[in-house]
>>> print(open('input_21.txt').read())   # compact mmCIF, C-alpha atoms and all ligand atoms
# COMPACT_ATOMS: atom_id res chain seq x y z
CA MET A 175 0.09 14.61 26.88
CA ALA A 176 1.84 13.00 23.85
CA THR A 177 0.24 9.69 24.85
CA VAL A 178 -3.30 11.11 24.70
CA ILE A 179 -2.67 13.00 21.43
CA TYR A 180 -1.18 9.94 19.71
CA ALA A 181 -3.82 7.59 21.11
CA VAL A 182 -6.61 9.78 19.68
CA LEU A 183 -4.62 10.24 16.46
CA PHE A 184 -4.19 6.49 15.91
CA TYR A 185 -7.80 5.65 16.74
CA SER A 186 -8.93 8.29 14.22
CA ALA A 187 -6.40 7.18 11.61
CA THR A 188 -7.45 3.52 11.96
CA LEU A 189 -11.10 4.52 11.59
CA ALA A 190 -10.29 6.59 8.48
CA LEU A 191 -8.21 3.79 6.94
CA VAL A 192 -10.55 0.89 7.66
CA GLY A 193 -13.78 2.84 7.04
CA GLY A 194 -12.42 4.65 3.97
CA LEU A 195 -10.98 1.52 2.38
CA GLY A 196 -14.15 -0.45 3.18
CA LEU A 197 -16.24 2.22 1.47
CA ARG A 198 -13.98 2.29 -1.61
CA VAL A 199 -14.00 -1.50 -1.98
CA TRP A 200 -17.80 -1.44 -1.57
CA GLN A 201 -18.04 1.17 -4.36
CA TYR A 202 -15.65 -0.74 -6.64
CA ALA A 203 -17.47 -4.04 -6.07
CA GLY A 204 -20.84 -2.43 -6.89
CA THR A 205 -19.70 -0.70 -10.10
CA PRO A 206 -21.10 -2.54 -13.18
CA ALA A 207 -18.59 -3.73 -15.79
CA PRO A 208 -21.00 -4.51 -18.65
CA LEU A 209 -18.42 -4.93 -21.42
CA ARG A 210 -15.75 -7.59 -21.97
CA ILE A 211 -12.54 -5.57 -22.19
CA PRO A 212 -9.63 -7.82 -21.16
CA THR A 213 -6.33 -6.63 -22.56
CA THR A 214 -5.40 -9.25 -25.14
CA PRO A 215 -3.77 -11.70 -25.40
CA ALA A 216 -5.77 -12.74 -22.34
CA PRO A 217 -6.51 -16.07 -20.61
CA ILE A 218 -9.70 -17.74 -21.81
CA THR A 219 -10.70 -19.32 -18.47
CA ARG A 220 -11.58 -17.74 -15.11
CA GLY A 221 -8.77 -19.69 -13.42
CA GLY A 222 -6.32 -18.31 -15.98
CA ALA A 223 -7.62 -14.77 -15.36
CA ALA A 224 -7.18 -15.25 -11.59
CA LEU A 225 -3.59 -16.35 -12.21
CA ARG A 226 -3.07 -13.28 -14.38
CA VAL A 227 -4.22 -10.99 -11.52
CA GLY A 228 -1.92 -12.96 -9.19
CA ARG A 229 1.06 -12.36 -11.49
CA GLU A 230 0.13 -8.69 -11.69
CA VAL A 231 0.06 -8.40 -7.89
CA VAL A 232 3.20 -10.41 -7.16
CA LEU A 233 5.40 -9.68 -10.20
CA PHE A 234 3.94 -6.44 -11.66
CA GLN A 235 3.86 -8.26 -15.00
CA SER A 236 2.39 -5.53 -17.23
CA LEU A 237 4.77 -2.92 -15.79
CA PHE A 238 7.65 -5.27 -16.59
CA LYS A 239 6.49 -5.43 -20.20
CA SER A 240 6.19 -1.66 -20.51
CA ASN A 241 9.26 -0.26 -18.69
CA LYS A 242 12.12 -2.22 -17.11
CA TRP A 243 13.54 0.63 -14.97
CA ILE A 244 10.23 1.64 -13.40
CA TRP A 245 9.49 -2.04 -12.89
CA LEU A 246 12.81 -2.58 -11.12
CA PHE A 247 12.47 0.33 -8.69
CA GLY A 248 8.72 -0.05 -8.25
CA TRP A 249 8.91 -3.77 -7.59
CA VAL A 250 11.88 -3.51 -5.23
CA PHE A 251 10.12 -0.70 -3.34
CA HIS A 252 6.91 -2.73 -2.88
CA VAL A 253 8.67 -5.95 -1.88
CA THR A 254 10.88 -4.22 0.72
CA LEU A 255 7.88 -2.22 1.97
CA ALA A 256 5.96 -5.48 2.48
CA ALA A 257 8.92 -6.97 4.38
CA VAL A 258 9.35 -3.82 6.51
CA LEU A 259 5.63 -3.87 7.37
CA LEU A 260 5.78 -7.58 8.25
CA ARG A 261 8.78 -6.83 10.48
CA HIS A 262 6.72 -4.12 12.22
CA LEU A 263 4.16 -6.74 13.28
CA ARG A 264 6.39 -7.30 16.31
CA TYR A 265 4.97 -4.05 17.74
CA PHE A 266 1.43 -5.36 17.52
CA LEU A 267 1.65 -9.10 18.25
CA GLN A 268 2.58 -10.84 21.48
CA PRO A 269 4.05 -13.47 21.30
CA VAL A 270 5.92 -12.55 18.10
CA PRO A 271 5.25 -15.21 15.39
CA ALA A 272 8.29 -17.06 14.00
CA PHE A 273 7.96 -15.60 10.48
CA VAL A 274 8.16 -12.08 11.96
CA ALA A 275 11.15 -13.00 14.13
CA VAL A 276 13.02 -14.39 11.10
CA ILE A 277 12.87 -11.04 9.25
CA GLN A 278 14.20 -8.95 12.16
CA PRO A 279 17.95 -9.10 11.35
CA PHE A 280 17.31 -7.76 7.82
CA GLY A 281 15.24 -4.77 8.97
CA THR A 282 17.70 -1.94 8.47
CA LEU A 283 18.97 -3.33 5.15
CA LEU A 284 15.39 -3.67 3.90
CA GLY A 285 14.63 -0.12 5.09
CA MET A 286 17.67 1.26 3.26
CA ILE A 287 16.82 -0.53 0.00
CA MET A 288 13.22 0.72 0.30
CA VAL A 289 14.35 4.32 0.74
CA GLY A 290 16.83 3.96 -2.15
CA ALA A 291 14.14 2.66 -4.51
CA LEU A 292 11.78 5.46 -3.47
CA ALA A 293 14.51 8.05 -4.06
CA ALA A 294 15.02 6.62 -7.57
CA LEU A 295 11.27 6.85 -8.29
CA PHE A 296 11.29 10.43 -6.99
CA ALA A 297 14.31 11.33 -9.16
CA ARG A 298 12.51 9.91 -12.22
CA ARG A 299 9.55 12.25 -11.64
CA ILE A 300 11.87 15.26 -11.41
CA LEU A 301 14.49 14.40 -14.02
CA VAL A 302 12.51 12.84 -16.88
CA ASP A 303 10.78 15.71 -18.74
CA ARG A 304 7.88 13.60 -19.99
CA VAL A 305 7.14 12.29 -16.51
CA ARG A 306 7.54 15.68 -14.82
CA TYR A 307 5.00 17.10 -17.28
CA ILE A 308 2.29 14.64 -16.21
CA SER A 309 3.13 14.61 -12.47
CA GLY A 310 0.70 16.33 -10.12
CA PRO A 311 1.16 17.47 -6.50
CA SER A 312 -0.28 14.22 -5.13
CA ASP A 313 2.33 12.17 -7.05
CA TYR A 314 5.10 14.06 -5.23
CA LEU A 315 3.22 14.16 -1.92
CA MET A 316 2.80 10.38 -1.66
CA LEU A 317 6.43 9.73 -2.58
CA ALA A 318 7.63 12.38 -0.10
CA LEU A 319 5.39 11.05 2.67
CA ILE A 320 6.55 7.44 2.37
CA LEU A 321 10.16 8.58 1.91
CA ALA A 322 9.92 10.65 5.11
CA ILE A 323 8.44 7.66 6.98
CA GLY A 324 11.35 5.49 5.80
CA LEU A 325 13.97 8.11 6.67
CA SER A 326 12.52 8.73 10.14
CA GLY A 327 12.42 4.93 10.67
CA LEU A 328 16.09 4.65 9.69
CA THR A 329 16.87 7.60 12.01
CA LEU A 330 15.30 5.56 14.80
CA ASN A 331 17.66 2.72 13.92
CA PHE A 332 20.92 4.59 13.37
CA VAL A 333 20.76 8.04 15.01
CA ALA A 334 18.25 8.35 17.82
CA ARG A 335 17.04 5.04 19.19
CA THR A 336 13.83 4.89 21.17
CA ASP A 337 12.53 2.44 23.76
CA ILE A 338 10.88 -0.14 21.50
CA VAL A 339 9.54 -2.14 24.48
CA GLU A 340 7.56 0.92 25.65
CA THR A 341 6.53 1.66 22.06
CA LYS A 342 5.14 -1.86 21.79
CA ALA A 343 3.37 -1.54 25.17
CA PHE A 344 1.70 1.65 23.89
CA PHE A 345 0.36 -0.03 20.74
CA LEU A 346 -0.73 -3.24 22.48
CA GLY A 347 -2.43 -0.96 25.05
CA LEU A 348 -4.23 0.94 22.28
CA MET A 349 -5.63 -2.32 20.90
CA LEU A 350 -6.77 -3.49 24.36
CA PHE A 351 -8.07 -0.03 25.41
CA ASP A 352 -5.56 -0.02 28.26
CA TRP A 353 -3.40 3.04 27.53
CA ARG A 354 0.33 2.93 28.33
CA PRO A 355 2.75 5.90 28.04
CA LEU A 356 4.35 6.50 24.64
CA PRO A 357 8.09 7.39 24.59
CA THR A 358 8.46 11.05 23.56
CA ASP A 359 11.64 10.83 21.46
CA PRO A 360 11.22 13.35 18.61
CA ALA A 361 12.20 10.87 15.85
CA LEU A 362 9.54 8.41 17.05
CA LEU A 363 6.88 11.13 17.29
CA VAL A 364 7.72 12.27 13.74
CA HIS A 365 7.71 8.66 12.42
CA LEU A 366 4.32 7.96 13.99
CA ALA A 367 2.70 11.28 12.97
CA LEU A 368 3.71 10.62 9.35
CA VAL A 369 2.36 7.06 9.54
CA ALA A 370 -0.98 8.37 10.87
CA ALA A 371 -1.07 10.93 8.03
CA LEU A 372 -0.48 8.14 5.50
CA MET A 373 -3.28 6.05 7.02
CA ILE A 374 -5.67 9.01 6.79
CA VAL A 375 -4.91 9.99 3.17
CA PHE A 376 -4.70 6.40 1.88
CA PRO A 377 -8.43 5.99 1.05
CA PHE A 378 -8.45 9.32 -0.84
CA SER A 379 -5.21 8.90 -2.75
CA LYS A 380 -3.59 7.22 -5.73
CA LEU A 381 -2.46 4.52 -3.30
CA LEU A 382 -5.91 3.00 -3.89
CA HIS A 383 -4.28 1.21 -6.82
CA ALA A 384 -3.50 -1.48 -4.22
CA PRO A 385 -7.11 -2.70 -3.80
CA GLY A 386 -7.98 -1.32 -7.27
CA VAL A 387 -5.91 -3.87 -9.19
CA PHE A 388 -8.35 -6.58 -8.05
CA PHE A 389 -11.25 -4.67 -9.66
CA SER A 390 -9.61 -3.90 -12.99
CA PRO A 391 -11.76 -5.43 -15.81
CA SER A 392 -8.90 -5.38 -18.29
CA ARG A 393 -7.02 -7.71 -15.93
CA TYR A 394 -9.58 -9.91 -14.18
CA GLN A 395 -11.84 -10.69 -17.14
CA ALA A 396 -11.38 -13.89 -19.14
CA ASP A 397 -11.38 -13.57 -22.94
CA ASN A 398 -14.36 -15.90 -23.41
CA THR A 399 -16.67 -13.86 -25.65
CA ARG A 400 -16.70 -16.65 -28.23
CA GLU A 401 -17.70 -19.29 -25.71
CA ARG A 402 -20.23 -17.37 -23.59
CA ARG A 403 -22.94 -14.80 -24.15
CA HIS A 404 -22.38 -11.66 -22.09
CA ALA A 405 -25.68 -9.87 -21.63
CA PRO A 406 -25.65 -6.72 -19.52
CA PRO A 407 -27.11 -7.19 -16.01
CA ALA A 408 -30.87 -6.62 -15.87
CA ARG A 409 -30.61 -3.54 -13.64
CA LEU A 410 -28.20 -1.90 -16.10
CA GLU A 411 -30.53 -2.64 -19.04
CA ALA A 412 -33.42 -1.14 -17.07
CA ALA A 413 -31.37 1.97 -16.28
CA VAL A 414 -30.47 2.41 -19.97
CA ARG A 415 -34.13 2.04 -21.00
CA ARG A 416 -35.16 4.67 -18.43
CA GLY A 417 -32.58 6.99 -19.98
C1 LIG B 501 2.09 2.44 13.91
C2 LIG B 501 2.93 1.95 13.03
C3 LIG B 501 4.45 2.02 13.19
C4 LIG B 501 5.24 1.97 14.31
C5 LIG B 501 4.80 1.78 15.75
C6 LIG B 501 6.62 2.08 13.88
C7 LIG B 501 7.74 2.07 14.70
C8 LIG B 501 9.05 1.98 14.29
C9 LIG B 501 10.19 1.86 15.15
C10 LIG B 501 10.13 1.87 16.68
C11 LIG B 501 11.30 1.75 14.35
C12 LIG B 501 12.75 1.57 14.82
C13 LIG B 501 13.07 0.09 14.85
C14 LIG B 501 14.25 -0.28 15.70
O1 LIG B 501 14.81 0.57 16.39
O2 LIG B 501 14.60 -1.48 15.63
C15 LIG B 501 10.85 1.79 12.98
C16 LIG B 501 11.67 1.68 11.87
C17 LIG B 501 11.25 1.78 10.57
N1 LIG B 501 9.95 2.02 10.13
FE1 LIG B 501 8.32 2.15 11.32
N2 LIG B 501 6.64 2.19 12.51
C18 LIG B 501 5.33 2.16 12.05
C19 LIG B 501 4.89 2.20 10.73
C20 LIG B 501 5.72 2.24 9.61
C21 LIG B 501 5.28 2.27 8.23
C22 LIG B 501 3.79 2.28 7.78
C23 LIG B 501 6.40 2.29 7.46
C24 LIG B 501 6.52 2.33 5.94
C25 LIG B 501 5.71 2.96 5.14
C26 LIG B 501 7.56 2.25 8.34
C27 LIG B 501 8.87 2.24 7.93
C28 LIG B 501 9.97 2.06 8.75
C29 LIG B 501 11.31 1.85 8.27
C30 LIG B 501 11.75 1.80 6.78
C31 LIG B 501 12.11 1.66 9.40
C32 LIG B 501 13.64 1.37 9.40
C33 LIG B 501 13.89 -0.08 9.11
C34 LIG B 501 13.33 -1.02 10.15
O3 LIG B 501 13.66 -0.85 11.33
O4 LIG B 501 12.54 -1.89 9.78
N3 LIG B 501 7.11 2.24 9.64
N4 LIG B 501 9.47 1.93 12.95
>>> encode(input="input_21.txt", output="structure tokens", more="lines below")
Ligand code: HEM
Amino acid sequence: MATVIYAVLFYSATLALVGGLGLRVWQYAGTPAPLRIPTTPAPITRGGAALRVGREVVLFQSLFKSNKWIWLFGWVFHVTLAAVLLRHLRYFLQPVPAFVAVIQPFGTLLGMIMVGALAALFARRILVDRVRYISGPSDYLMLALILAIGLSGLTLNFVARTDIVETKAFFLGLMLFDWRPLPTDPALLVHLALVAALMIVFPFSKLLHAPGVFFSPSRYQADNTRERRHAPPARLEAAVRRG
């Protein structure tokens, strides 16, 4: 029974994540950006602007400039999350690639650092008056959801281990449409239900900042207004004339 429920759940969640994200990216890519509004000082070439977006994605450069503590916890959270997710590829790939195998011994440490950084970000929302004032339910919900995923993952490591060979067989089976039984250990079922919930809410949530950073005019635009003429696209001009 759990196998069928989780199989349907993960097919639906994958559809929601891939379809929802695809739709968002489609909308972002089709939204006109008629004005030059790079945050200055900005690179004056397109290559320089691409590098700037790269530094934003890898180093969180503008966050570093604005607040060192949020940068520290935010950056550490994202880097450990990326490593934890890469480590999880072993459940979906057979044979397991060398770069995934190399990360395995650090899994629990990475998971603990990730949960610690998330807890610090959560504490900031509750303890700093200014931040609490501007925090909405979704800010807490996303933090709580990812925190709960991390904690249930660590429970699987330290408290209630599950059969990871069967877990892998289930997910490989899902991808090949050849269903295999899923272990029914409560900690695994909780971990997976939370992951499916995250996949479903992702395209409707603030977590869209992940693809969004690539579509941010203040970051990706080059400051070349003195070198090039920037006329609005014809369809935008036509829309303005129509009123
Ligand atoms: C369908 C996707 C997923 C599956 C099948 C899965 C499965 C598992 C399993 C079986 C463990 C225990 C590992 C062990 O005993 O060695 C684990 C641990 C963990 N999971 Fe997941 N998980 C999934 C998605 C996620 C996601 C999206 C996150 C983060 C947002 C996450 C975070 C963690 C953490 C932090 C741990 C503990 C550290 C580690 O073992 O890497 N998991 N997961």
>>> atom_distance(input="input_21.txt", atom1="CA of Phe389 in chain A", atom2="CA of His404 in chain A")
18.1 Å
>>> closest_atom_pairs(input="input_21.txt", of="chain A", to="ligand LIG 501 (chain B)", cutoff="7 Å", atoms="only C-alpha atoms and all ligand atoms", output="tab-separated table")
residue	atom	partner	partner_atom	distance
A:Leu255	CA	B:LIG501	C24	6.2
A:Val258	CA	B:LIG501	O4	5.0
A:Leu259	CA	B:LIG501	C23	6.2
A:Arg261	CA	B:LIG501	O4	6.2
A:His262	CA	B:LIG501	N2	6.3
A:Tyr265	CA	B:LIG501	C5	6.2
A:Gly281	CA	B:LIG501	O4	4.0
A:Thr282	CA	B:LIG501	C33	4.3
A:Leu284	CA	B:LIG501	C33	6.5
A:Gly285	CA	B:LIG501	C30	3.9
A:Met286	CA	B:LIG501	C30	6.9
A:Met288	CA	B:LIG501	C30	6.7
A:Ile320	CA	B:LIG501	C25	5.3
A:Ile323	CA	B:LIG501	C27	5.5
A:Gly324	CA	B:LIG501	C30	3.8
A:Leu325	CA	B:LIG501	C30	6.7
A:Gly327	CA	B:LIG501	C17	3.4
A:Leu328	CA	B:LIG501	C32	4.1
A:Leu330	CA	B:LIG501	C12	4.7
A:Asn331	CA	B:LIG501	O1	4.3
A:Arg335	CA	B:LIG501	O1	5.7
A:Thr336	CA	B:LIG501	O1	6.5
A:Ile338	CA	B:LIG501	C10	5.3
A:Thr341	CA	B:LIG501	C10	6.5
A:Phe345	CA	B:LIG501	C5	6.9
A:Leu362	CA	B:LIG501	C10	6.6
A:His365	CA	B:LIG501	N2	6.6
A:Leu366	CA	B:LIG501	C1	6.0
A:Val369	CA	B:LIG501	C22	5.3
>>> residues_around(input="input_21.txt", residues="Gln268 in chain A", least_positions_apart="3", cutoff="12 Å", atoms="only C-alpha atoms", output="list in words")
Leu263, Arg264, Tyr265, Pro271, Ala272, Val274, Ala275, Val339, Lys342, Ala343, Phe345, Leu346, Gly347 and Met349 of chain A
>>> write_last_selection(input="input_21.txt", atoms="C-alpha atoms", output="PDB file, in the coordinates of the input")
ATOM      1  CA  LEU A 263       4.160  -6.740  13.280  1.00  0.00           C
ATOM      2  CA  ARG A 264       6.390  -7.300  16.310  1.00  0.00           C
ATOM      3  CA  TYR A 265       4.970  -4.050  17.740  1.00  0.00           C
ATOM      4  CA  PRO A 271       5.250 -15.210  15.390  1.00  0.00           C
ATOM      5  CA  ALA A 272       8.290 -17.060  14.000  1.00  0.00           C
ATOM      6  CA  VAL A 274       8.160 -12.080  11.960  1.00  0.00           C
ATOM      7  CA  ALA A 275      11.150 -13.000  14.130  1.00  0.00           C
ATOM      8  CA  VAL A 339       9.540  -2.140  24.480  1.00  0.00           C
ATOM      9  CA  LYS A 342       5.140  -1.860  21.790  1.00  0.00           C
ATOM     10  CA  ALA A 343       3.370  -1.540  25.170  1.00  0.00           C
ATOM     11  CA  PHE A 345       0.360  -0.030  20.740  1.00  0.00           C
ATOM     12  CA  LEU A 346      -0.730  -3.240  22.480  1.00  0.00           C
ATOM     13  CA  GLY A 347      -2.430  -0.960  25.050  1.00  0.00           C
ATOM     14  CA  MET A 349      -5.630  -2.320  20.900  1.00  0.00           C
TER      15      MET A 349
END
>>> residues_around(input="input_21.txt", residues="range 228-235 of chain A", least_positions_apart="2", cutoff="9 Å", atoms="all atoms listed in the file", output="PyMOL selection string")
chain A and resi 223-226+237-240+245+248-249+253+384+387-388+393
>>> atom_distance(input="input_21.txt", atom1="CA of Ser326 in chain A", atom2="CA of Pro357 in chain A")
15.2 Å
